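Peer 1: What follows is a structure written as structure tokens; I'll ask about it next.
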Amino acid sequence: MRDRSRADRILDQSAELAVGDASDVDFLKHAVADIDAVVFTHGGHGGLGEAEAIDYGIVRATLEALGRRRVRIALMTSIGVTVHDGAYNRASQSHDWKRRAERLVRASGNDFTIVRPGWFDEGAAAHPELLFLQGDTRRAGSPEDGWVARSQIARVLVESLTSAAANPKTLELVAERGPRQTDLDPLFAALRRDADGELDGVLDPDTLPLDHEPDGVMAEIAEAARRGQVKLSS
């Protein structure tokens, strides 16, 4: 957290705040001491270099700070994260770096759930039924892909931390008209697991080939796998 005054407005007073730079490994070693779970909801605004430094860099730095210690991870990225040839990604590289962050988490050996929400809209809370998808098939790059409220995203991320059925899984999240589910475990249980040693979600299209990835990124993924004692598929 960089802005303590903002945190004081939105967080429960019982929360213990760590104020600093989330890309600074030394700061993060203090921030993650004694924790047993991490929820990533960070994200850049599409500026030049932001995606690498923020969307990817904060995940990389956090995993480095954790070292060999295992935690439960909930990572929020974005619906359409496997679309790399669209105008938005060509300008920002946001999807490229979010997907690389996902790959780091899968390589890390930690239990995880990766949630790719649709377009943010608090009005979506009026559509209380949650829909879990896989394969990143909604690829319009517009609100046609689906809406979801921040409060709904928060619920899925937090509840995934204590759901055995949510691990290790990747899903796209949107809201629909219909009844609110009181128990998310059946939704998590219906999803296919991400395969051991694979760097992409179980049904993801091969739109960012590993053999075209930067050497530095592949080295960082390999290092995450070494710390997590994960054997990556060739």
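Identifiers in this document derive from the order of the structure tokens: chains are assigned A, B, ..., residues are numbered from 1 separately in each chain, and ligands are numbered from 1 in order of occurrence.
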Using only C-alpha atoms, which protein or nucleic acid residues come within 10 Å of stretch 115-125 of chain A? Drop anything in the same chain fewer than 5 positions from it, and give the result as a VMD selection string.
Peer 2: chain A and resid 40 to 41 74 to 81 102 130 132 to 134 136 138 141 to 153 156 to 157 160 169 to 177 180
Peer 1: Please extract the residues of stretch 21-105 of chain A with a backbone DSSP assignment of strand (DSSP E or B) and present them as a list in words.
Peer 2: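 Result set for stretch 21-105 of chain A (strand (DSSP E or B)): Ala37, Val38, Val39, Phe40, Arg72, Ile73, Ala74, Leu75 and Met76 of chain A.
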Peer 1: Keeping only N, CA and C atoms, take the residues you just selected and write them out as a short mmCIF file (atom, residue, chain, number, x, y, z; two decimals), in the first residue's frame.
Peer 2:
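Below you can see part_25.cif, which holds the result:
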data_model
loop_
_atom_site.label_atom_id
_atom_site.label_comp_id
_atom_site.auth_asym_id
_atom_site.auth_seq_id
_atom_site.Cartn_x
_atom_site.Cartn_y
_atom_site.Cartn_z
N ALA A 37 -1.40 -16.15 3.03
CA ALA A 37 -2.11 -15.98 1.75
C ALA A 37 -1.82 -14.61 1.18
N VAL A 38 -1.86 -14.51 -0.15
CA VAL A 38 -1.70 -13.25 -0.86
C VAL A 38 -2.84 -13.11 -1.86
N VAL A 39 -3.50 -11.95 -1.85
CA VAL A 39 -4.51 -11.62 -2.86
C VAL A 39 -3.96 -10.47 -3.69
N PHE A 40 -3.74 -10.70 -4.97
CA PHE A 40 -3.23 -9.68 -5.88
C PHE A 40 -4.40 -9.02 -6.61
N ARG A 72 -1.00 -19.39 0.04
CA ARG A 72 -2.15 -19.52 -0.86
C ARG A 72 -2.28 -18.23 -1.64
N ILE A 73 -2.38 -18.31 -2.96
CA ILE A 73 -2.42 -17.12 -3.82
C ILE A 73 -3.75 -17.02 -4.54
N ALA A 74 -4.32 -15.82 -4.55
CA ALA A 74 -5.44 -15.47 -5.42
C ALA A 74 -4.97 -14.30 -6.28
N LEU A 75 -4.92 -14.51 -7.57
CA LEU A 75 -4.42 -13.49 -8.50
C LEU A 75 -5.53 -13.04 -9.42
N MET A 76 -5.78 -11.73 -9.46
CA MET A 76 -6.73 -11.15 -10.40
C MET A 76 -5.99 -10.63 -11.62
#
Peer 1: So that I can see what lies close to A:Asp21, please list as a PyMOL selection string the residues with an atom at most 12 Å from it, counting only C-alpha atoms and leaving out residues fewer than 2 positions away in the same chain.
Peer 2: chain A and resi 1-3+18-19+23-31+53-54+57-58+61-62
Peer 1: As a PyMOL selection string, which residues of stretch 14-170 of chain A does DSSP assign to alpha helix (DSSP H)?
Peer 2: chain A and resi 25-31+50+57-66+87-92+94-107+150-160
Peer 1: With N, CA and C atoms retained, could you export that selection as a compact mmCIF listing (two decimals), in the first residue's frame?
Peer 2:
# COMPACT_ATOMS: atom_id res chain seq x y z
N VAL A 25 11.71 -5.69 -3.26
CA VAL A 25 11.77 -7.00 -2.62
C VAL A 25 12.08 -6.89 -1.14
N ASP A 26 12.97 -5.99 -0.75
CA ASP A 26 13.32 -5.84 0.66
C ASP A 26 12.10 -5.38 1.47
N PHE A 27 11.34 -4.42 0.94
CA PHE A 27 10.11 -4.00 1.62
C PHE A 27 9.12 -5.16 1.70
N LEU A 28 8.99 -5.90 0.62
CA LEU A 28 8.02 -7.00 0.60
C LEU A 28 8.38 -8.11 1.57
N LYS A 29 9.66 -8.34 1.80
CA LYS A 29 10.04 -9.36 2.77
C LYS A 29 9.45 -9.05 4.14
N HIS A 30 9.41 -7.78 4.48
CA HIS A 30 8.76 -7.36 5.74
C HIS A 30 7.25 -7.49 5.63
N ALA A 31 6.69 -7.07 4.50
CA ALA A 31 5.23 -7.04 4.34
C ALA A 31 4.63 -8.44 4.35
N GLU A 50 4.17 0.40 -17.79
CA GLU A 50 3.47 0.09 -16.55
C GLU A 50 3.18 -1.40 -16.41
N GLY A 57 5.68 -7.15 -12.56
CA GLY A 57 6.78 -6.90 -11.64
C GLY A 57 6.42 -7.12 -10.18
N ILE A 58 5.20 -6.76 -9.79
CA ILE A 58 4.81 -6.92 -8.39
C ILE A 58 4.65 -8.40 -8.04
N VAL A 59 4.13 -9.19 -8.97
CA VAL A 59 4.03 -10.64 -8.72
C VAL A 59 5.43 -11.24 -8.63
N ARG A 60 6.30 -10.88 -9.56
CA ARG A 60 7.66 -11.42 -9.53
C ARG A 60 8.36 -11.07 -8.22
N ALA A 61 8.25 -9.80 -7.79
CA ALA A 61 8.92 -9.36 -6.57
C ALA A 61 8.34 -10.04 -5.33
N THR A 62 7.04 -10.25 -5.30
CA THR A 62 6.41 -10.90 -4.14
C THR A 62 6.86 -12.34 -4.03
N LEU A 63 6.89 -13.05 -5.14
CA LEU A 63 7.34 -14.44 -5.11
C LEU A 63 8.81 -14.53 -4.69
N GLU A 64 9.61 -13.59 -5.14
CA GLU A 64 11.01 -13.57 -4.71
C GLU A 64 11.10 -13.32 -3.22
N ALA A 65 10.28 -12.39 -2.71
CA ALA A 65 10.31 -12.08 -1.28
C ALA A 65 9.87 -13.27 -0.44
N LEU A 66 8.94 -14.06 -0.94
CA LEU A 66 8.48 -15.24 -0.22
C LEU A 66 9.52 -16.34 -0.20
N ALA A 87 -5.87 -4.05 -30.34
CA ALA A 87 -5.30 -2.71 -30.30
C ALA A 87 -4.85 -2.33 -28.89
N TYR A 88 -5.64 -2.71 -27.88
CA TYR A 88 -5.29 -2.35 -26.49
C TYR A 88 -3.97 -2.97 -26.09
N ASN A 89 -3.79 -4.26 -26.38
CA ASN A 89 -2.55 -4.91 -25.97
C ASN A 89 -1.37 -4.43 -26.81
N ARG A 90 -1.60 -4.16 -28.07
CA ARG A 90 -0.49 -3.66 -28.89
C ARG A 90 0.02 -2.33 -28.34
N ALA A 91 -0.87 -1.52 -27.77
CA ALA A 91 -0.47 -0.22 -27.25
C ALA A 91 0.14 -0.32 -25.85
N SER A 92 -0.39 -1.23 -25.02
CA SER A 92 -0.02 -1.25 -23.61
C SER A 92 0.80 -2.47 -23.20
N SER A 94 -0.42 -4.89 -21.89
CA SER A 94 -1.00 -5.28 -20.60
C SER A 94 -1.33 -6.77 -20.55
N HIS A 95 -1.96 -7.30 -21.60
CA HIS A 95 -2.30 -8.72 -21.59
C HIS A 95 -1.05 -9.59 -21.59
N ASP A 96 -0.03 -9.18 -22.34
CA ASP A 96 1.22 -9.95 -22.36
C ASP A 96 1.76 -10.13 -20.94
N TRP A 97 1.85 -9.01 -20.20
CA TRP A 97 2.49 -9.06 -18.89
C TRP A 97 1.58 -9.67 -17.82
N LYS A 98 0.28 -9.48 -17.93
CA LYS A 98 -0.62 -10.17 -17.01
C LYS A 98 -0.52 -11.68 -17.20
N ARG A 99 -0.44 -12.11 -18.44
CA ARG A 99 -0.35 -13.55 -18.69
C ARG A 99 0.99 -14.09 -18.18
N ARG A 100 2.04 -13.32 -18.33
CA ARG A 100 3.33 -13.76 -17.78
C ARG A 100 3.27 -13.84 -16.26
N ALA A 101 2.54 -12.93 -15.63
CA ALA A 101 2.36 -13.00 -14.17
C ALA A 101 1.62 -14.27 -13.79
N GLU A 102 0.60 -14.63 -14.55
CA GLU A 102 -0.10 -15.89 -14.31
C GLU A 102 0.88 -17.06 -14.39
N ARG A 103 1.74 -17.04 -15.38
CA ARG A 103 2.69 -18.14 -15.56
C ARG A 103 3.65 -18.23 -14.38
N LEU A 104 4.07 -17.09 -13.84
CA LEU A 104 4.92 -17.10 -12.66
C LEU A 104 4.22 -17.79 -11.49
N VAL A 105 2.95 -17.46 -11.29
CA VAL A 105 2.20 -18.06 -10.18
C VAL A 105 2.09 -19.56 -10.37
N ARG A 106 1.77 -20.01 -11.58
CA ARG A 106 1.65 -21.46 -11.81
C ARG A 106 2.98 -22.17 -11.61
N ALA A 107 4.08 -21.48 -11.93
CA ALA A 107 5.40 -22.09 -11.79
C ALA A 107 5.90 -22.11 -10.35
N ARG A 150 -16.97 -4.93 -8.45
CA ARG A 150 -15.77 -5.12 -7.64
C ARG A 150 -16.07 -5.95 -6.39
N SER A 151 -17.24 -5.73 -5.81
CA SER A 151 -17.59 -6.50 -4.61
C SER A 151 -17.73 -7.99 -4.94
N GLN A 152 -18.20 -8.30 -6.15
CA GLN A 152 -18.31 -9.70 -6.56
C GLN A 152 -16.93 -10.31 -6.80
N ILE A 153 -16.05 -9.54 -7.41
CA ILE A 153 -14.67 -10.01 -7.61
C ILE A 153 -14.02 -10.29 -6.26
N ALA A 154 -14.18 -9.36 -5.33
CA ALA A 154 -13.58 -9.53 -4.01
C ALA A 154 -14.09 -10.79 -3.34
N ARG A 155 -15.38 -11.06 -3.47
CA ARG A 155 -15.95 -12.27 -2.85
C ARG A 155 -15.29 -13.52 -3.41
N VAL A 156 -15.15 -13.60 -4.72
CA VAL A 156 -14.57 -14.79 -5.34
C VAL A 156 -13.11 -14.95 -4.94
N LEU A 157 -12.35 -13.87 -4.96
CA LEU A 157 -10.94 -13.95 -4.58
C LEU A 157 -10.78 -14.42 -3.14
N VAL A 158 -11.53 -13.81 -2.22
CA VAL A 158 -11.37 -14.15 -0.81
C VAL A 158 -11.86 -15.57 -0.53
N GLU A 159 -13.02 -15.94 -1.08
CA GLU A 159 -13.54 -17.28 -0.81
C GLU A 159 -12.67 -18.37 -1.44
N SER A 160 -11.95 -18.03 -2.50
CA SER A 160 -11.07 -19.03 -3.12
C SER A 160 -9.95 -19.45 -2.18
